[in-house]
Amino acid sequence: SCVSFTWALYDSKSVCTLYDSKTPNQQWSPQQIMCGLRESAQVALHCDNVGTLDISYDAGQSFETLAIQSQWTIPVYAALDDVEQDTTVLRLTCADQGVVGGFIATVRYRGADYSTTQPVENGYWKVVSSSDEATIALVYSPKTAAPWHIDTAAIADDAVWIWNENIRNTMVFEFRFADLEMEAPQVHMHASASDIDAGVSAPQRVVMRPMFIGTGSLLVVSLAVNVLLACCLCKGRLHQEKKKGSFERVNDLEDALEGTSTA
């Protein structure tokens, strides 16, 4: 599995190494580039009555608004094109205005659905707070239950409505991608230039984020497609060169990178 990879020049040769971390802790070359994976996700939800969907890219330290729902019968859809699993957080603030309150949602990420569940602890949506401080005794209803009777296709059939026993209150829910337990996406080493240009259809599309590695900081930089292609293919070329026995010093560095360091 691969979460990031680096491309470095050493003795006029190219070294490309895969890592299971995005956090650099060493610098092996004055001209070393780290490429991280950036992914997409989709979220669909209903909030009865009104709500605000926010997103954080710094593990919940700050949020920005993605969407506002002013009519619960109209679903909220949001496409997330810059998901960092370790730091991306969704937060839904939902306010009930009487009769009955409710929140239901599905997040689609890496081909899997993550919905509101019964009990809420069995899923990845969590109750953060409630204006009436009632966060334990919750009421659950199926997706198509009264009074909602929704048929929103992007919300999974096994998703449930969640609220507490009160009305005219406000509840806050969060979804942290870091809570998901899954293998890192694979980097295909034999992709062609046309494959990289075209990409793959959401939600599996993977975008490379190039970065220069510094001893104490990261600087995000732009990188041409041919350099990204070189990053993806250079490991295969190195393996070919190993068979020829002509890159001993480069192979030693590659082994050191793979065996003793994480990016």
# chains A, B, ... in the order shown; residues from 1 in each chain; ligands from 1
>>> select_by_dssp(residues="segment 33-175 of chain A", states="strand (DSSP E)", output="ChimeraX atom specification")
/A:33-48,50-56,64-69,76-83,89-95,102-109,112-115,125-130,138-142,160-164,170-175
>>> closest_atom_pairs(of="segment 6-105 of chain A", to="segment 154-168 of chain A", cutoff="12 Å", atoms="only C-alpha atoms", output="Markdown table")
| residue | atom | partner | partner_atom | distance |
| --- | --- | --- | --- | --- |
| A:Gln42 | CA | A:Ala154 | CA | 9.0 |
| A:Val43 | CA | A:Ala154 | CA | 8.1 |
| A:Ala44 | CA | A:Ala154 | CA | 6.0 |
| A:Leu45 | CA | A:Ile155 | CA | 7.0 |
| A:His46 | CA | A:Trp161 | CA | 8.9 |
| A:Cys47 | CA | A:Trp161 | CA | 9.2 |
| A:Asp48 | CA | A:Trp163 | CA | 9.6 |
| A:Asn49 | CA | A:Arg168 | CA | 9.5 |
| A:Val50 | CA | A:Arg168 | CA | 11.1 |
| A:Pro75 | CA | A:Ala154 | CA | 9.3 |
| A:Val76 | CA | A:Ala154 | CA | 10.1 |
| A:Tyr77 | CA | A:Ala154 | CA | 8.6 |
| A:Ala78 | CA | A:Ala154 | CA | 10.9 |
| A:Ala79 | CA | A:Ala154 | CA | 12.0 |
| A:Cys94 | CA | A:Trp163 | CA | 9.8 |
| A:Ala95 | CA | A:Arg168 | CA | 7.1 |
| A:Asp96 | CA | A:Arg168 | CA | 4.8 |
| A:Gln97 | CA | A:Arg168 | CA | 4.8 |
| A:Gly98 | CA | A:Arg168 | CA | 5.1 |
| A:Val99 | CA | A:Ile167 | CA | 6.6 |
| A:Val100 | CA | A:Ile167 | CA | 5.9 |
| A:Gly101 | CA | A:Trp163 | CA | 6.0 |
| A:Gly102 | CA | A:Trp163 | CA | 5.1 |
| A:Phe103 | CA | A:Trp161 | CA | 5.2 |
| A:Ile104 | CA | A:Trp161 | CA | 4.7 |
| A:Ala105 | CA | A:Ile155 | CA | 6.1 |
>>> residues_around(residues="segment 117-120 of chain A", least_positions_apart="2", cutoff="7 Å", atoms="only C-alpha atoms", output="mmCIF file with N, CA and C atoms, in the first residue's frame")
data_model
loop_
_atom_site.group_PDB
_atom_site.id
_atom_site.type_symbol
_atom_site.label_atom_id
_atom_site.label_comp_id
_atom_site.auth_asym_id
_atom_site.auth_seq_id
_atom_site.Cartn_x
_atom_site.Cartn_y
_atom_site.Cartn_z
ATOM 1 N N SER A 115 -22.869 5.486 6.735
ATOM 2 C CA SER A 115 -24.140 6.150 6.999
ATOM 3 C C SER A 115 -24.380 6.316 8.496
ATOM 4 N N ASN A 122 -22.244 2.604 16.520
ATOM 5 C CA ASN A 122 -21.835 1.555 15.577
ATOM 6 C C ASN A 122 -21.327 2.121 14.255
ATOM 7 N N GLY A 123 -21.461 3.405 14.058
ATOM 8 C CA GLY A 123 -21.024 4.017 12.808
ATOM 9 C C GLY A 123 -19.960 5.070 13.045
ATOM 10 N N TRP A 125 -20.539 8.525 12.146
ATOM 11 C CA TRP A 125 -21.137 9.790 12.537
ATOM 12 C C TRP A 125 -21.291 9.795 14.056
ATOM 13 N N LYS A 126 -20.867 10.843 14.713
ATOM 14 C CA LYS A 126 -20.915 10.940 16.161
ATOM 15 C C LYS A 126 -21.728 12.161 16.585
ATOM 16 N N TYR A 140 -34.262 6.545 16.910
ATOM 17 C CA TYR A 140 -33.845 6.154 15.562
ATOM 18 C C TYR A 140 -35.065 5.771 14.737
ATOM 19 N N ALA A 159 -29.359 3.510 6.063
ATOM 20 C CA ALA A 159 -29.137 4.697 6.890
ATOM 21 C C ALA A 159 -30.377 4.968 7.737
ATOM 22 N N VAL A 160 -30.167 5.579 8.907
ATOM 23 C CA VAL A 160 -31.286 5.846 9.808
ATOM 24 C C VAL A 160 -31.318 7.322 10.195
#
>>> select_by_dssp(residues="segment 88-200 of chain A", states="alpha helix (DSSP H)", output="list of chain:residue names")
A:Ala193, A:Ser194, A:Asp195, A:Ile196, A:Asp197, A:Ala198
>>> write_last_selection(atoms="N, CA and C atoms", output="PDB file, in the first residue's frame")
ATOM      1  N   ALA A 193       0.575   7.808 -19.716  1.00  0.00           N
ATOM      2  CA  ALA A 193       0.341   9.244 -19.621  1.00  0.00           C
ATOM      3  C   ALA A 193      -1.123   9.570 -19.855  1.00  0.00           C
ATOM      4  N   SER A 194      -1.787   8.856 -20.781  1.00  0.00           N
ATOM      5  CA  SER A 194      -3.197   9.116 -21.044  1.00  0.00           C
ATOM      6  C   SER A 194      -4.049   8.761 -19.844  1.00  0.00           C
ATOM      7  N   ASP A 195      -3.671   7.720 -19.098  1.00  0.00           N
ATOM      8  CA  ASP A 195      -4.408   7.358 -17.888  1.00  0.00           C
ATOM      9  C   ASP A 195      -4.330   8.464 -16.857  1.00  0.00           C
ATOM     10  N   ILE A 196      -3.154   9.051 -16.706  1.00  0.00           N
ATOM     11  CA  ILE A 196      -2.985  10.110 -15.724  1.00  0.00           C
ATOM     12  C   ILE A 196      -3.747  11.348 -16.141  1.00  0.00           C
ATOM     13  N   ASP A 197      -3.727  11.676 -17.448  1.00  0.00           N
ATOM     14  CA  ASP A 197      -4.458  12.840 -17.927  1.00  0.00           C
ATOM     15  C   ASP A 197      -5.947  12.673 -17.702  1.00  0.00           C
ATOM     16  N   ALA A 198      -6.478  11.470 -18.000  1.00  0.00           N
ATOM     17  CA  ALA A 198      -7.913  11.245 -17.929  1.00  0.00           C
ATOM     18  C   ALA A 198      -8.384  11.038 -16.510  1.00  0.00           C
TER      19      ALA A 198
END
>>> closest_residue(among="A:Gln71, A:Leu90, A:Phe63, A:Asp58", to="Tyr124 of chain A", atoms="only C-alpha atoms")
A:Leu90
>>> residues_around(residues="Thr93 of chain A", least_positions_apart="4", cutoff="7 Å", atoms="only C-alpha atoms", output="number ranges by chain")
A: 51-53, 171-173
>>> write_last_selection(atoms="N, CA, C and O atoms", output="CSV table (one decimal), in the first residue's frame")
chain,number,residue,atom,x,y,z
A,51,GLY,N,-30.1,23.3,8.6
A,51,GLY,CA,-28.8,22.9,9.0
A,51,GLY,C,-27.7,23.5,8.2
A,51,GLY,O,-27.9,24.1,7.1
A,52,THR,N,-26.5,23.4,8.7
A,52,THR,CA,-25.3,23.9,8.1
A,52,THR,C,-24.2,22.8,8.1
A,52,THR,O,-23.9,22.2,9.1
A,53,LEU,N,-23.7,22.5,6.9
A,53,LEU,CA,-22.6,21.5,6.8
A,53,LEU,C,-21.3,22.2,6.6
A,53,LEU,O,-21.1,23.0,5.7
A,171,MET,N,-28.8,20.0,17.4
A,171,MET,CA,-27.8,19.0,17.6
A,171,MET,C,-26.7,19.1,16.6
A,171,MET,O,-26.8,19.5,15.5
A,172,VAL,N,-25.5,18.7,17.0
A,172,VAL,CA,-24.3,18.8,16.2
A,172,VAL,C,-23.7,17.4,16.1
A,172,VAL,O,-23.5,16.7,17.0
A,173,PHE,N,-23.4,17.0,14.8
A,173,PHE,CA,-22.9,15.7,14.5
A,173,PHE,C,-21.6,15.9,13.7
A,173,PHE,O,-21.4,16.8,12.9
>>> closest_residue(among="A:Val83, A:Ser14, A:Ser4, A:Glu64", to="Ala41 of chain A", atoms="only C-alpha atoms")
A:Val83
>>> residues_around(residues="Thr88 of chain A", least_positions_apart="6", cutoff="6 Å", atoms="only C-alpha atoms", output="CSV table (one decimal) with N, CA, C and O atoms, in the first residue's frame")
chain,number,residue,atom,x,y,z
A,56,SER,N,-13.6,20.7,7.9
A,56,SER,CA,-12.3,21.1,8.5
A,56,SER,C,-11.2,20.3,7.8
A,56,SER,O,-11.4,19.1,7.5
A,57,TYR,N,-10.1,20.9,7.5
A,57,TYR,CA,-9.0,20.3,6.9
A,57,TYR,C,-7.8,20.2,7.9
A,57,TYR,O,-6.7,19.8,7.5
A,59,ALA,N,-8.2,18.7,11.2
A,59,ALA,CA,-8.6,17.9,12.3
A,59,ALA,C,-9.5,18.5,13.3
A,59,ALA,O,-9.6,18.2,14.4
A,177,PHE,N,-12.8,11.4,9.0
A,177,PHE,CA,-12.3,10.4,8.1
A,177,PHE,C,-11.1,9.6,8.8
A,177,PHE,O,-10.9,8.5,8.4
